[in-house]
Each structure stands twice: as structure tokens, then as C-alpha cells.
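Undergrad: Next comes the structure file work-v6.cif, holding mmCIF, C-alpha atoms and all ligand atoms.
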```
data_query
#
loop_
_atom_site.label_atom_id
_atom_site.label_comp_id
_atom_site.auth_asym_id
_atom_site.auth_seq_id
_atom_site.Cartn_x
_atom_site.Cartn_y
_atom_site.Cartn_z
CA MET G 235 0.00 0.00 0.00
CA THR G 236 1.18 3.49 -0.81
CA ALA G 237 1.15 5.95 2.05
CA ILE G 238 -0.68 9.22 1.40
CA SER G 239 2.57 11.12 1.73
CA ASP G 240 4.03 9.11 -1.17
CA LYS G 241 1.40 10.42 -3.58
CA PRO G 242 3.21 12.59 -6.14
CA LEU G 243 3.02 16.18 -5.04
CA GLU G 244 1.34 18.51 -7.53
CA PHE G 245 2.02 22.25 -7.50
CA ILE G 246 -1.76 22.76 -7.76
CA ASP G 247 -3.79 19.58 -7.37
CA LEU G 248 -6.62 19.88 -9.91
CA LYS G 249 -7.03 16.11 -10.16
CA ALA G 250 -7.98 15.78 -6.50
CA GLN G 251 -10.43 18.66 -6.87
CA TYR G 252 -12.00 16.96 -9.89
CA ALA G 253 -12.36 13.70 -7.97
CA ALA G 254 -14.08 15.52 -5.10
CA LEU G 255 -16.49 17.38 -7.40
CA HIS G 256 -16.90 14.70 -10.07
CA ASP G 257 -20.68 14.25 -9.89
CA ALA G 258 -21.54 17.94 -9.61
CA ILE G 259 -19.28 18.83 -12.56
CA HIS G 260 -20.67 16.08 -14.77
CA GLN G 261 -24.28 16.95 -13.95
CA ARG G 262 -23.66 20.60 -14.74
CA ILE G 263 -21.89 19.85 -18.04
CA GLU G 264 -24.50 17.31 -19.14
CA ARG G 265 -27.27 19.82 -18.53
CA VAL G 266 -25.58 22.24 -20.95
CA LEU G 267 -25.06 19.49 -23.56
CA ALA G 268 -28.77 18.70 -23.31
CA HIS G 269 -30.11 22.26 -23.65
CA GLY G 270 -27.54 23.20 -26.28
CA LYS G 271 -27.32 26.93 -25.53
CA PHE G 272 -23.53 27.04 -25.73
CA ILE G 273 -23.24 30.81 -26.09
CA LEU G 274 -24.76 33.06 -23.40
CA GLY G 275 -26.90 30.16 -22.13
CA PRO G 276 -28.74 30.20 -18.79
CA GLU G 277 -25.62 29.17 -16.81
CA VAL G 278 -23.95 32.44 -17.82
CA GLN G 279 -26.61 34.55 -16.12
CA GLU G 280 -26.83 32.17 -13.18
CA LEU G 281 -23.09 32.41 -12.59
CA GLU G 282 -23.05 36.19 -12.98
CA GLY G 283 -25.80 36.49 -10.37
CA LYS G 284 -24.02 34.20 -7.92
CA LEU G 285 -20.62 35.86 -8.35
CA ALA G 286 -22.07 39.35 -7.96
CA ALA G 287 -23.84 38.24 -4.76
CA PHE G 288 -20.66 36.59 -3.47
CA THR G 289 -18.54 39.71 -3.94
CA GLY G 290 -21.19 42.29 -3.10
CA ALA G 291 -20.65 44.14 -6.40
CA LYS G 292 -23.85 45.13 -8.20
CA HIS G 293 -22.85 43.70 -11.59
CA CYS G 294 -20.79 40.76 -12.84
CA ILE G 295 -20.04 40.34 -16.54
CA THR G 296 -18.37 37.04 -17.45
CA VAL G 297 -15.84 37.20 -20.28
CA ALA G 298 -13.47 34.96 -22.24
CA SER G 299 -10.44 35.31 -19.90
CA GLY G 300 -8.82 37.48 -17.26
CA THR G 301 -6.92 39.28 -19.99
CA GLU G 302 -10.14 39.98 -21.89
CA ALA G 303 -11.67 41.28 -18.66
CA LEU G 304 -8.86 43.83 -18.31
CA LEU G 305 -9.10 44.82 -21.99
CA ILE G 306 -12.88 45.29 -21.88
CA ALA G 307 -12.69 47.21 -18.58
CA LEU G 308 -10.22 49.69 -20.11
CA MET G 309 -12.36 49.93 -23.27
CA ALA G 310 -15.42 50.67 -21.11
CA LEU G 311 -13.46 53.57 -19.59
CA ASP G 312 -12.85 54.74 -23.16
CA LEU G 313 -9.07 54.65 -22.85
CA LYS G 314 -7.59 56.73 -25.66
CA PRO G 315 -4.11 56.56 -27.28
CA GLY G 316 -1.68 58.47 -25.09
CA ASP G 317 -3.73 58.03 -21.93
CA GLU G 318 -1.67 56.89 -18.95
CA VAL G 319 -2.48 53.98 -16.66
CA ILE G 320 -0.54 53.59 -13.43
CA THR G 321 0.31 49.98 -12.61
CA THR G 322 2.91 47.66 -11.11
CA PRO G 323 5.85 46.17 -13.04
CA PHE G 324 5.79 43.11 -10.77
CA THR G 325 2.88 41.21 -12.35
CA PHE G 326 1.92 38.90 -15.17
CA ALA G 327 2.33 40.59 -18.58
CA ALA G 328 -1.44 40.71 -19.24
CA THR G 329 -1.81 43.63 -16.81
CA ALA G 330 0.30 45.97 -18.94
CA GLU G 331 -0.39 44.27 -22.28
CA VAL G 332 -3.98 45.52 -22.46
CA ILE G 333 -2.90 49.12 -21.79
CA VAL G 334 -0.40 49.02 -24.66
CA LEU G 335 -2.86 47.24 -27.00
CA LEU G 336 -5.22 50.22 -26.66
CA GLY G 337 -2.44 52.70 -27.36
CA GLY G 338 -2.16 53.71 -23.72
CA THR G 339 1.02 54.27 -21.74
CA PRO G 340 1.79 52.02 -18.78
CA VAL G 341 3.28 54.09 -15.96
CA PHE G 342 5.04 51.71 -13.60
CA VAL G 343 5.19 52.31 -9.86
CA ASP G 344 7.33 50.14 -7.57
CA ILE G 345 5.96 47.64 -5.04
CA GLU G 346 6.01 47.39 -1.25
CA PRO G 347 8.91 44.99 -0.64
CA ASP G 348 7.08 42.96 2.03
CA THR G 349 3.71 42.36 0.28
CA CYS G 350 4.92 42.68 -3.35
CA ASN G 351 1.81 44.80 -4.06
CA LEU G 352 1.80 48.27 -5.64
CA ASP G 353 3.07 50.88 -3.17
CA ALA G 354 0.19 53.36 -2.87
CA SER G 355 2.44 56.05 -1.39
CA ARG G 356 4.38 56.27 -4.68
CA ILE G 357 1.35 56.79 -6.93
CA GLU G 358 0.67 60.49 -6.44
CA GLN G 359 4.02 61.64 -7.84
CA LYS G 360 3.26 59.77 -11.10
CA ILE G 361 -0.16 61.34 -11.72
CA THR G 362 -0.36 63.72 -14.68
CA ALA G 363 -3.14 65.41 -16.67
CA ARG G 364 -3.23 62.27 -18.86
CA THR G 365 -3.69 59.74 -16.04
CA ARG G 366 -6.89 57.90 -16.84
CA ALA G 367 -6.78 54.92 -14.47
CA ILE G 368 -4.86 53.17 -11.70
CA LEU G 369 -4.54 49.41 -12.17
CA PRO G 370 -3.21 47.71 -9.02
CA VAL G 371 -2.79 43.93 -8.88
CA SER G 372 -3.87 41.94 -5.80
CA LEU G 373 -0.84 39.69 -6.11
CA TYR G 374 -0.64 36.15 -4.73
CA GLY G 375 -4.21 36.47 -3.44
CA GLN G 376 -3.77 39.47 -1.11
CA CYS G 377 -5.66 42.66 -1.93
CA ALA G 378 -3.53 45.64 -2.81
CA ASP G 379 -3.96 48.67 -0.54
CA MET G 380 -7.23 49.56 -2.28
CA ALA G 381 -8.40 52.04 0.38
CA ALA G 382 -5.25 54.14 -0.01
CA ILE G 383 -5.33 53.81 -3.80
CA ASN G 384 -8.99 54.87 -3.96
CA ALA G 385 -8.17 57.87 -1.77
CA VAL G 386 -5.41 59.00 -4.16
CA ALA G 387 -7.76 58.54 -7.14
CA ALA G 388 -10.50 60.55 -5.41
CA ARG G 389 -8.09 63.41 -4.61
CA HIS G 390 -7.34 63.67 -8.34
CA GLY G 391 -10.83 64.15 -9.69
CA GLY G 392 -12.02 60.60 -9.54
CA ILE G 393 -9.46 58.74 -11.66
CA ALA G 394 -10.86 55.22 -12.26
CA VAL G 395 -9.39 52.36 -10.25
CA ILE G 396 -9.36 48.81 -11.67
CA GLU G 397 -8.36 45.94 -9.41
CA ASP G 398 -6.54 43.15 -11.27
CA ALA G 399 -8.03 40.46 -9.06
CA ALA G 400 -6.96 37.52 -11.25
CA GLN G 401 -5.27 35.94 -8.20
CA SER G 402 -7.47 37.24 -5.39
CA PHE G 403 -11.05 36.09 -5.98
CA GLY G 404 -12.40 35.34 -2.50
CA ALA G 405 -9.92 37.55 -0.62
CA THR G 406 -11.12 40.33 1.69
CA LEU G 407 -9.98 43.79 2.73
CA GLN G 408 -11.58 45.33 5.83
CA GLY G 409 -14.33 42.71 5.55
CA LYS G 410 -15.18 43.56 1.94
CA ARG G 411 -14.51 41.13 -0.87
CA SER G 412 -11.89 41.56 -3.56
CA CYS G 413 -13.67 42.57 -6.81
CA ASN G 414 -15.92 44.96 -4.85
CA LEU G 415 -13.26 47.48 -3.85
CA SER G 416 -12.90 49.77 -6.88
CA THR G 417 -14.56 51.31 -9.95
CA LEU G 418 -14.03 48.05 -11.86
CA ALA G 419 -12.39 44.73 -11.01
CA CYS G 420 -11.23 41.88 -13.21
CA THR G 421 -10.72 38.26 -12.29
CA SER G 422 -9.62 35.12 -14.14
CA PHE G 423 -10.92 31.56 -14.09
CA PHE G 424 -7.74 30.12 -15.61
CA PRO G 425 -7.63 26.57 -14.19
CA SER G 426 -4.90 27.27 -11.63
CA LYS G 427 -6.45 30.43 -10.13
CA PRO G 428 -8.25 30.22 -6.77
CA LEU G 429 -11.59 29.76 -8.61
CA GLY G 430 -10.90 28.13 -11.97
CA CYS G 431 -12.77 26.60 -14.90
CA TYR G 432 -11.56 23.95 -17.37
CA GLY G 433 -10.22 26.32 -19.99
CA ASP G 434 -10.21 30.10 -20.27
CA GLY G 435 -12.68 32.36 -18.49
CA GLY G 436 -12.89 35.58 -16.54
CA ALA G 437 -15.21 38.21 -15.13
CA ILE G 438 -15.57 41.96 -14.68
CA PHE G 439 -17.23 43.44 -11.58
CA THR G 440 -18.61 46.93 -11.08
CA SER G 441 -21.39 48.70 -9.21
CA ASP G 442 -21.62 51.43 -11.89
CA ASP G 443 -24.65 50.77 -14.14
CA ARG G 444 -23.24 52.69 -17.09
CA LEU G 445 -19.88 50.88 -17.02
CA ALA G 446 -21.64 47.53 -16.63
CA GLN G 447 -23.75 48.23 -19.71
CA ALA G 448 -20.63 49.27 -21.65
CA CYS G 449 -18.82 46.04 -20.66
CA ARG G 450 -21.83 43.93 -21.69
CA GLU G 451 -21.95 45.61 -25.10
CA ILE G 452 -18.19 45.47 -25.69
CA ARG G 453 -18.21 41.74 -24.84
CA VAL G 454 -20.46 41.07 -27.86
CA HIS G 455 -18.93 43.27 -30.58
CA GLY G 456 -20.30 46.50 -29.17
CA GLN G 457 -23.91 45.51 -29.72
CA SER G 458 -26.71 47.07 -27.70
CA GLY G 459 -29.18 44.86 -29.59
CA ARG G 460 -28.87 42.25 -32.32
CA TYR G 461 -26.83 43.75 -35.20
CA HIS G 462 -27.00 47.21 -33.66
CA HIS G 463 -23.40 48.23 -32.94
CA THR G 464 -23.18 51.28 -30.70
CA ARG G 465 -19.40 51.01 -30.24
CA VAL G 466 -16.37 48.96 -31.27
CA GLY G 467 -16.21 45.77 -29.23
CA VAL G 468 -14.62 42.34 -29.18
CA GLY G 469 -15.70 38.70 -29.26
CA GLY G 470 -15.20 38.27 -25.55
CA ARG G 471 -17.88 35.99 -24.12
CA MET G 472 -17.27 33.17 -21.67
CA ASP G 473 -18.66 29.80 -22.88
CA THR G 474 -21.76 28.42 -21.19
CA LEU G 475 -19.85 25.17 -20.53
CA GLN G 476 -17.11 27.00 -18.65
CA CYS G 477 -19.71 28.89 -16.61
CA ALA G 478 -21.27 25.51 -15.73
CA VAL G 479 -17.90 24.27 -14.46
CA VAL G 480 -17.45 27.34 -12.25
CA LEU G 481 -21.01 26.91 -10.92
CA ALA G 482 -20.16 23.35 -9.87
CA LYS G 483 -16.92 24.48 -8.22
CA LEU G 484 -18.59 27.41 -6.49
CA GLU G 485 -20.49 25.07 -4.15
CA ARG G 486 -17.28 23.89 -2.50
CA PHE G 487 -15.52 27.26 -2.82
CA PRO G 488 -16.24 28.52 0.75
CA TRP G 489 -14.68 25.32 2.12
CA GLU G 490 -11.72 25.75 -0.26
CA LEU G 491 -11.16 29.31 0.98
CA GLU G 492 -11.21 28.11 4.60
CA ARG G 493 -8.74 25.34 3.72
CA ARG G 494 -6.44 27.79 1.90
CA HIS G 495 -6.42 30.06 4.96
CA GLN G 496 -5.61 27.10 7.19
CA LEU G 497 -2.75 25.93 4.93
CA GLY G 498 -1.45 29.50 4.66
CA ARG G 499 -1.46 29.95 8.45
CA ARG G 500 0.33 26.64 8.91
CA TYR G 501 3.03 27.44 6.33
CA ALA G 502 3.61 30.75 8.11
CA GLU G 503 3.81 29.17 11.59
CA GLN G 504 6.10 26.37 10.52
CA LEU G 505 8.42 28.39 8.30
CA ALA G 506 8.59 31.64 10.28
CA ALA G 507 11.75 30.78 12.19
CA THR G 508 13.61 29.25 9.24
CA PRO G 509 16.81 31.18 8.59
CA GLY G 510 17.36 32.40 5.01
CA LEU G 511 13.68 32.70 4.22
CA THR G 512 11.35 35.73 4.10
CA LEU G 513 7.59 35.22 4.35
CA LEU G 514 5.17 37.45 2.51
CA ALA G 515 3.67 40.04 4.88
CA VAL G 516 -0.11 39.89 5.16
CA ARG G 517 -1.66 43.13 6.40
CA PRO G 518 -3.91 42.75 9.46
CA ASP G 519 -6.96 44.18 7.62
CA ARG G 520 -6.67 41.55 4.87
CA ASP G 521 -7.39 37.90 4.24
CA CYS G 522 -5.09 36.30 1.64
CA VAL G 523 -6.43 33.44 -0.52
CA TRP G 524 -2.91 32.27 -1.43
CA ALA G 525 -3.26 31.80 -5.16
CA GLN G 526 0.36 30.79 -4.68
CA TYR G 527 2.22 30.41 -1.39
CA THR G 528 5.12 32.66 -2.25
CA ILE G 529 8.21 33.14 -0.10
CA GLN G 530 11.56 34.83 -0.75
CA VAL G 531 14.98 33.21 -0.57
CA ASP G 532 18.52 34.07 -1.63
CA ALA G 533 20.24 31.63 -4.02
CA ARG G 534 16.87 30.66 -5.46
CA ALA G 535 18.21 28.36 -8.19
CA ALA G 536 19.89 26.08 -5.64
CA PHE G 537 16.77 26.16 -3.44
CA VAL G 538 14.50 25.18 -6.35
CA GLU G 539 16.86 22.33 -7.25
CA ALA G 540 17.02 21.07 -3.67
CA LEU G 541 13.21 20.99 -3.47
CA ALA G 542 12.91 19.28 -6.85
CA SER G 543 15.32 16.56 -5.70
CA ARG G 544 12.87 15.87 -2.83
CA GLY G 545 9.91 15.73 -5.20
CA VAL G 546 8.56 19.17 -4.31
CA PRO G 547 7.55 21.27 -7.34
CA THR G 548 7.92 25.05 -7.22
CA ALA G 549 7.24 27.97 -9.58
CA VAL G 550 8.50 31.53 -9.89
CA HIS G 551 5.94 34.36 -10.12
CA TYR G 552 7.67 36.29 -11.73
CA PRO G 553 11.35 36.05 -12.68
CA LYS G 554 11.54 39.45 -14.41
CA PRO G 555 9.65 42.70 -13.79
CA LEU G 556 7.86 44.01 -16.87
CA HIS G 557 10.13 47.03 -17.36
CA LEU G 558 12.98 44.56 -18.01
CA GLN G 559 10.99 42.54 -20.55
CA PRO G 560 11.89 43.42 -24.16
CA ALA G 561 8.23 44.17 -25.00
CA TYR G 562 7.86 46.72 -22.18
CA ALA G 563 11.39 48.05 -21.77
CA ALA G 564 10.55 51.23 -23.68
CA TRP G 565 8.49 52.56 -20.77
CA ASP G 566 11.17 52.69 -18.08
CA ARG G 567 14.85 52.64 -17.22
CA PRO G 568 16.20 49.18 -16.35
CA ASP G 569 17.33 50.36 -12.92
CA ALA G 570 13.89 51.75 -12.00
CA HIS G 571 11.79 49.95 -9.36
CA PRO G 572 14.50 48.32 -7.22
CA HIS G 573 11.99 46.51 -4.96
CA SER G 574 10.45 44.79 -7.98
CA LEU G 575 13.91 43.82 -9.20
CA ARG G 576 14.88 42.32 -5.86
CA ALA G 577 11.59 40.45 -5.50
CA ALA G 578 11.94 39.02 -9.02
CA GLU G 579 15.31 37.59 -8.02
CA ARG G 580 14.12 36.07 -4.73
CA VAL G 581 10.46 34.95 -4.98
CA VAL G 582 9.53 31.29 -5.20
CA SER G 583 6.10 29.70 -4.80
CA LEU G 584 5.40 26.48 -2.89
CA PRO G 585 2.61 23.96 -3.60
CA MET G 586 -0.79 25.33 -2.60
CA SER G 587 -4.34 24.24 -3.27
CA ALA G 588 -7.31 23.33 -1.09
CA ASP G 589 -6.58 19.67 -1.83
CA LEU G 590 -3.01 19.76 -0.55
CA SER G 591 -3.14 17.27 2.34
CA ASP G 592 -1.65 17.90 5.79
CA ALA G 593 0.92 15.15 5.11
CA GLN G 594 1.90 16.71 1.80
CA GLN G 595 2.28 20.12 3.39
CA ALA G 596 4.50 18.60 6.08
CA ARG G 597 6.68 17.14 3.31
CA VAL G 598 7.02 20.56 1.71
CA VAL G 599 7.93 22.17 5.04
CA ASP G 600 10.57 19.49 5.73
CA ALA G 601 12.03 19.93 2.25
CA VAL G 602 12.20 23.72 2.65
CA ARG G 603 13.96 23.45 6.03
CA ALA G 604 16.41 20.85 4.67
CA ALA G 605 17.16 22.95 1.58
CA LEU G 606 17.98 26.01 3.69
CA SER G 607 20.03 24.26 6.37
CA ARG G 608 22.71 23.01 3.99
C1 LIG T 1 -3.68 35.09 -14.68
C2 LIG T 1 -3.51 36.56 -14.65
C3 LIG T 1 -4.05 37.40 -15.65
C4 LIG T 1 -4.64 36.87 -16.93
O1 LIG T 1 -5.68 35.98 -16.79
P1 LIG T 1 -6.01 34.98 -18.02
O2 LIG T 1 -7.34 34.39 -17.61
O3 LIG T 1 -4.93 33.98 -18.07
O4 LIG T 1 -6.09 35.79 -19.25
C5 LIG T 1 -3.95 38.76 -15.48
N1 LIG T 1 -3.35 39.30 -14.41
C6 LIG T 1 -2.79 38.53 -13.45
C7 LIG T 1 -2.16 39.20 -12.27
C8 LIG T 1 -2.84 37.14 -13.53
O5 LIG T 1 -2.29 36.39 -12.56
#
```
Write out the structure in this file as C-alpha cells.
Ligand SMILES: *Cc1c(COP(=O)(O)O)cnc(C)c1O

TA:
Amino acid sequence: MTAISDKPLEFIDLKAQYAALHDAIHQRIERVLAHGKFILGPEVQELEGKLAAFTGAKHCITVASGTEALLIALMALDLKPGDEVITTPFTFAATAEVIVLLGGTPVFVDIEPDTCNLDASRIEQKITARTRAILPVSLYGQCADMAAINAVAARHGGIAVIEDAAQSFGATLQGKRSCNLSTLACTSFFPSKPLGCYGDGGAIFTSDDRLAQACREIRVHGQSGRYHHTRVGVGGRMDTLQCAVVLAKLERFPWELERRHQLGRRYAEQLAATPGLTLLAVRPDRDCVWAQYTIQVDARAAFVEALASRGVPTAVHYPKPLHLQPAYAAWDRPDAHPHSLRAAERVVSLPMSADLSDAQQARVVDAVRAALSR
């Protein structure tokens, strides 16, 4: 017999989640196959209603991916060529990509070294007459300092704030849910995100009726009615089948969040005193959903190798800040944003998912301690 701890360790265990939700997922999918409304079918509206209720935002508009959500949100704000959007260089490329695609200028602001989120105190000095939006990322599942960011935006005539909540669906700040903290918010249902589907998917949240209407129209080629195009849009809908998958997963999601918090607390307790390792700081007014359990170490390459030799997979989110990527280098000097540079050299993510067992987590902790005590 194989002991549970000998089960191969997955970085994110989607197979165990599928096994746990097998019947619910199959029932949901079969219902869609039977009714045949594969585009904007009843599951789309059902999911939008449930997600809006979960977050507290008035509107939810599901879309084809997290990237599409960001693109449509900026289009709804009517971003024009030359408009500036303040964001972080320490994120996945999609955050800045959509700004550039619309002819906008990404204005990078460095991160807080301990949370790796956009440093709100550095935003004001980057605001100009062309600043159209602030686009913070709630990285690793912890909300950015949205209260401080909203306050800066309000002081400057109500600049729009968009939360890139691709990694933070389910997180809270001062008791309010991520995706209900700003003018607009965008999340992703990429399979490995805290709430994922079985392909690409995403959603936009807002409590502004006019912006919600704009997002709905842009999602279907700018149509306000069939073949009536009020604006330029995109083909950006989320499939009914993918919405059905998220609906099935949503039933267990509150338990998954609780489990993620428990695993996060335990990693922190058991790794806190380990020399050579820096934990991510979680602010006391926030609840992190740990999209990844990310720590910082020196000599990362050797650390990653030592963990791999013990069967523990890791990942790096992200090895290079955007202003050092060839595609985005034009917007900043290479030596700008030293905290982002340092984080990019030191961050490493450990296995995390609601289905990580206690025994598996203990194996990861042992491997981390062994790797750092050499
Ligand atoms: C995953 C991710 C996205 C993009 O989401 P997709 O659904 O893959 O398009 C955008 N921003 C951040 C911070 C992400 O982690």
C-alpha cells in the first residue's frame, strides 16, 4: 500500500479537486449538452448572479479570460491613445499588455517589498493630466492597498481604479470582498487560479450601471441589440460550458477558501523561524487566498533544485519585472523599481491548493527546512 505522503506532489492539485467534485461537474456539463445553448446560455446569467452576490458588487459580466476582462474594462473607460495607466511592473504581462494594446502608456510604480503589491504612497508623484486609471494587482491572493489607492484617485478628480483580481477572488480587505473594492475589477478563471474553470474564463465586476452596460456591449462586438453596434467591441464571451464548471466548483468554494487560509497559516507558523527565508507580509486588515504560497529566498536556483530533488515542485511568479521585458522596456529605465527587481530575483512559490493534504504540506515544510540548512 502506498502511504498518502508518497502520492506525487502537484504544485496545484486539480485532479484531487476533480475527484471531489466529479458528480456535480458532470451533472452541470450534461445539462448544458442537453439544452444546447452554448453561447450566453442560462448558466452564464446564473453564474453572474451568484458571483455578484458573493462579492457584493452590483454587476458581474463574465468574459473569455482574465486578460479579456482587463481589456474590456479599459475599453469601457474609453481609454484613448496616449492616456496613462498607473500599474505595477511586478505582475503577469497581461496587466500591462492591455494598456499598450489600446495605445495607452503604462506608468510603472514600484511595489512594497514585504507584500509585493503596488506601493500606494508612490502613486501620487506619477499622476499627470493624462492619467486615466490606476490598475493595481492583488498579487498572490492578497488585496492591494485599495483604500489608499482609492483615496489618491479621489483626490485627483475621480481617476478610475481597476483591481486586477486575477489571483485574489475570495480575498477580503476590511471585511469587503476583492472585486468589490474599486470602480471596476477583473478576475480570471484560468484553471490554476483560486476559482478556476476547465479552460479560459474571466469576469468583470462593477457597481456602476453605465460601465456595466458598456462592458456587456463590448463583450459582444459592441452591440446594444442584435446587429445594432453602438461602439467597437470584441468577441469576448465566456462559454456556457465554462460557466457551468465554475457553478459546480462554487459550491465547495467557501470550504476551499477556509482550507487555503488554514494551509497559509500553517506554512507561516512552521516556516517563520527558518533562517534564510522571508515570508510574505499579510496586512492585518486583509485575508489572503494564497493563489500561490510565495516566499523569498537568496540563491533561489539552488533552493528550487534542492526541493525538486525531494519531489517538491515550485514555480517563480515572476522572474523578471515588466520594465525589463523586451516588449515593455521602452516605458522605463532598467534600474527603475529596485523593490520589484529584488523580488523578481528572490520569490519562489510552494505547492498550494485546497486539496493539498496535511501530510503533503508537512513534506514541503521538511524539504524547505532541509534545503535552507545546507
Ligand atoms: C492570470 C492573470 C491574468 C490573466 O488571466 P487569463 O485568464 O490567463 O487571461 C492577469 N493578471 C494577473 C495578475 C494574472 O495572474

Undergrad: Hey, which of G:Ile345, G:Leu558, G:Ala596, G:Arg364 ends up closest to G:Glu503? Count only C-alpha atoms.

TA: G:Ala596

Undergrad: List the spatial neighbours of G:Ala507 as a list in words - criterion: any atom at most 12 Å away, all atoms listed in the file, same-chain residues fewer than 6 positions off excluded.

TA: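 Residues meeting the cut-off are Tyr501, Leu513, Val599, Val602, Arg603 and Leu606 of chain G.
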
Undergrad: To one decimal place, how far is atom CA of G:Glu280 from atom CA of G:Ala419 in Å?

TA: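 About the pair atom CA of G:Glu280 and atom CA of G:Ala419: they are 19.3 Å apart.
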
Undergrad: Set the distance at 8 Å and use all atoms listed in the file: which residues neighbour G:Ala577 once local chain neighbours fewer than 6 positions away are removed? I'd like the list as an mmCIF file with C-alpha atoms, keeping the file's coordinate frame.

TA:
```
data_model
loop_
_atom_site.group_PDB
_atom_site.id
_atom_site.type_symbol
_atom_site.label_atom_id
_atom_site.label_comp_id
_atom_site.auth_asym_id
_atom_site.auth_seq_id
_atom_site.Cartn_x
_atom_site.Cartn_y
_atom_site.Cartn_z
ATOM 1 C CA PRO G 347 8.910 44.990 -0.640
ATOM 2 C CA CYS G 350 4.920 42.680 -3.350
ATOM 3 C CA GLN G 530 11.560 34.830 -0.750
#
```

Undergrad: Excluding G:Thr289 and its own-chain neighbours fewer than 6 positions away, which residues fall within 9 Å of it when counting only C-alpha atoms? Please give them as a PyMOL selection string.

TA: chain G and resi 403-404+410-414+439

Undergrad: Using all atoms listed in the file for the distances, tell me which of G:Thr362, G:Asn384, G:Gln251, G:Thr421 is nearest to ligand LIG 1 (chain T).

TA: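 The answer is G:Thr421, which sits nearest to ligand LIG 1 (chain T).
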
Undergrad: Chain G near ligand LIG 1 (chain T) within 7 Å: what's each residue's closest atom pair and its distance in Å to one decimal, counting only C-alpha atoms and all ligand atoms, ordered by chain then ascending residue number, as a tab-separated table?

TA:
```
residue	atom	partner	partner_atom	distance
G:Ser299	CA	T:LIG1	O2	4.0
G:Gly300	CA	T:LIG1	O2	3.4
G:Thr301	CA	T:LIG1	O4	3.7
G:Glu302	CA	T:LIG1	O4	6.4
G:Thr325	CA	T:LIG1	C7	5.4
G:Phe326	CA	T:LIG1	C7	5.0
G:Ala328	CA	T:LIG1	C5	4.9
G:Thr329	CA	T:LIG1	N1	5.2
G:Val371	CA	T:LIG1	C7	5.9
G:Leu373	CA	T:LIG1	C7	6.3
G:Asp398	CA	T:LIG1	N1	5.9
G:Ala399	CA	T:LIG1	C7	6.8
G:Ala400	CA	T:LIG1	C8	4.7
G:Gln401	CA	T:LIG1	O5	5.3
G:Ser422	CA	T:LIG1	O2	4.2
G:Phe423	CA	T:LIG1	O2	5.8
G:Phe424	CA	T:LIG1	O2	4.7
G:Asp434	CA	T:LIG1	O2	5.8
G:Gly435	CA	T:LIG1	O2	5.8
G:Gly436	CA	T:LIG1	O2	5.8
```

Undergrad: Generate the missing atoms of stretch 465-476 of chain G up to N, CA, C and O atoms and report them as a PDB file, in the coordinates of the input.

TA:
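Wrote result.pdb, looks like this:
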```pdb
ATOM      1  N   ARG G 465     -20.816  50.713 -30.452  1.00  0.00           N
ATOM      2  CA  ARG G 465     -19.400  51.010 -30.240  1.00  0.00           C
ATOM      3  C   ARG G 465     -18.579  49.852 -30.779  1.00  0.00           C
ATOM      4  O   ARG G 465     -19.133  48.802 -31.107  1.00  0.00           O
ATOM      5  N   VAL G 466     -17.256  50.048 -30.829  1.00  0.00           N
ATOM      6  CA  VAL G 466     -16.370  48.960 -31.270  1.00  0.00           C
ATOM      7  C   VAL G 466     -16.162  48.018 -30.092  1.00  0.00           C
ATOM      8  O   VAL G 466     -15.847  48.465 -28.981  1.00  0.00           O
ATOM      9  N   GLY G 467     -16.368  46.741 -30.315  1.00  0.00           N
ATOM     10  CA  GLY G 467     -16.210  45.770 -29.230  1.00  0.00           C
ATOM     11  C   GLY G 467     -15.283  44.646 -29.606  1.00  0.00           C
ATOM     12  O   GLY G 467     -14.427  44.793 -30.491  1.00  0.00           O
ATOM     13  N   VAL G 468     -15.445  43.538 -28.933  1.00  0.00           N
ATOM     14  CA  VAL G 468     -14.620  42.340 -29.180  1.00  0.00           C
ATOM     15  C   VAL G 468     -15.533  41.111 -29.096  1.00  0.00           C
ATOM     16  O   VAL G 468     -16.681  41.211 -28.666  1.00  0.00           O
ATOM     17  N   GLY G 469     -15.008  39.961 -29.501  1.00  0.00           N
ATOM     18  CA  GLY G 469     -15.700  38.700 -29.260  1.00  0.00           C
ATOM     19  C   GLY G 469     -15.169  38.168 -27.950  1.00  0.00           C
ATOM     20  O   GLY G 469     -14.178  37.472 -27.929  1.00  0.00           O
ATOM     21  N   GLY G 470     -15.817  38.518 -26.860  1.00  0.00           N
ATOM     22  CA  GLY G 470     -15.200  38.270 -25.550  1.00  0.00           C
ATOM     23  C   GLY G 470     -16.059  37.528 -24.556  1.00  0.00           C
ATOM     24  O   GLY G 470     -15.899  37.694 -23.350  1.00  0.00           O
ATOM     25  N   ARG G 471     -16.989  36.692 -25.052  1.00  0.00           N
ATOM     26  CA  ARG G 471     -17.880  35.990 -24.120  1.00  0.00           C
ATOM     27  C   ARG G 471     -17.196  34.795 -23.478  1.00  0.00           C
ATOM     28  O   ARG G 471     -16.298  34.187 -24.051  1.00  0.00           O
ATOM     29  N   MET G 472     -17.684  34.414 -22.316  1.00  0.00           N
ATOM     30  CA  MET G 472     -17.270  33.170 -21.670  1.00  0.00           C
ATOM     31  C   MET G 472     -18.277  32.087 -22.082  1.00  0.00           C
ATOM     32  O   MET G 472     -19.483  32.314 -22.056  1.00  0.00           O
ATOM     33  N   ASP G 473     -17.781  30.902 -22.460  1.00  0.00           N
ATOM     34  CA  ASP G 473     -18.660  29.800 -22.880  1.00  0.00           C
ATOM     35  C   ASP G 473     -19.611  29.379 -21.777  1.00  0.00           C
ATOM     36  O   ASP G 473     -19.236  29.337 -20.607  1.00  0.00           O
ATOM     37  N   THR G 474     -20.811  28.961 -22.160  1.00  0.00           N
ATOM     38  CA  THR G 474     -21.760  28.420 -21.190  1.00  0.00           C
ATOM     39  C   THR G 474     -21.168  27.223 -20.436  1.00  0.00           C
ATOM     40  O   THR G 474     -21.340  27.088 -19.224  1.00  0.00           O
ATOM     41  N   LEU G 475     -20.444  26.358 -21.170  1.00  0.00           N
ATOM     42  CA  LEU G 475     -19.850  25.170 -20.530  1.00  0.00           C
ATOM     43  C   LEU G 475     -18.869  25.555 -19.419  1.00  0.00           C
ATOM     44  O   LEU G 475     -18.856  24.942 -18.355  1.00  0.00           O
ATOM     45  N   GLN G 476     -18.070  26.570 -19.678  1.00  0.00           N
ATOM     46  CA  GLN G 476     -17.110  27.000 -18.650  1.00  0.00           C
ATOM     47  C   GLN G 476     -17.842  27.613 -17.455  1.00  0.00           C
ATOM     48  O   GLN G 476     -17.423  27.450 -16.306  1.00  0.00           O
TER      49      GLN G 476
END
```
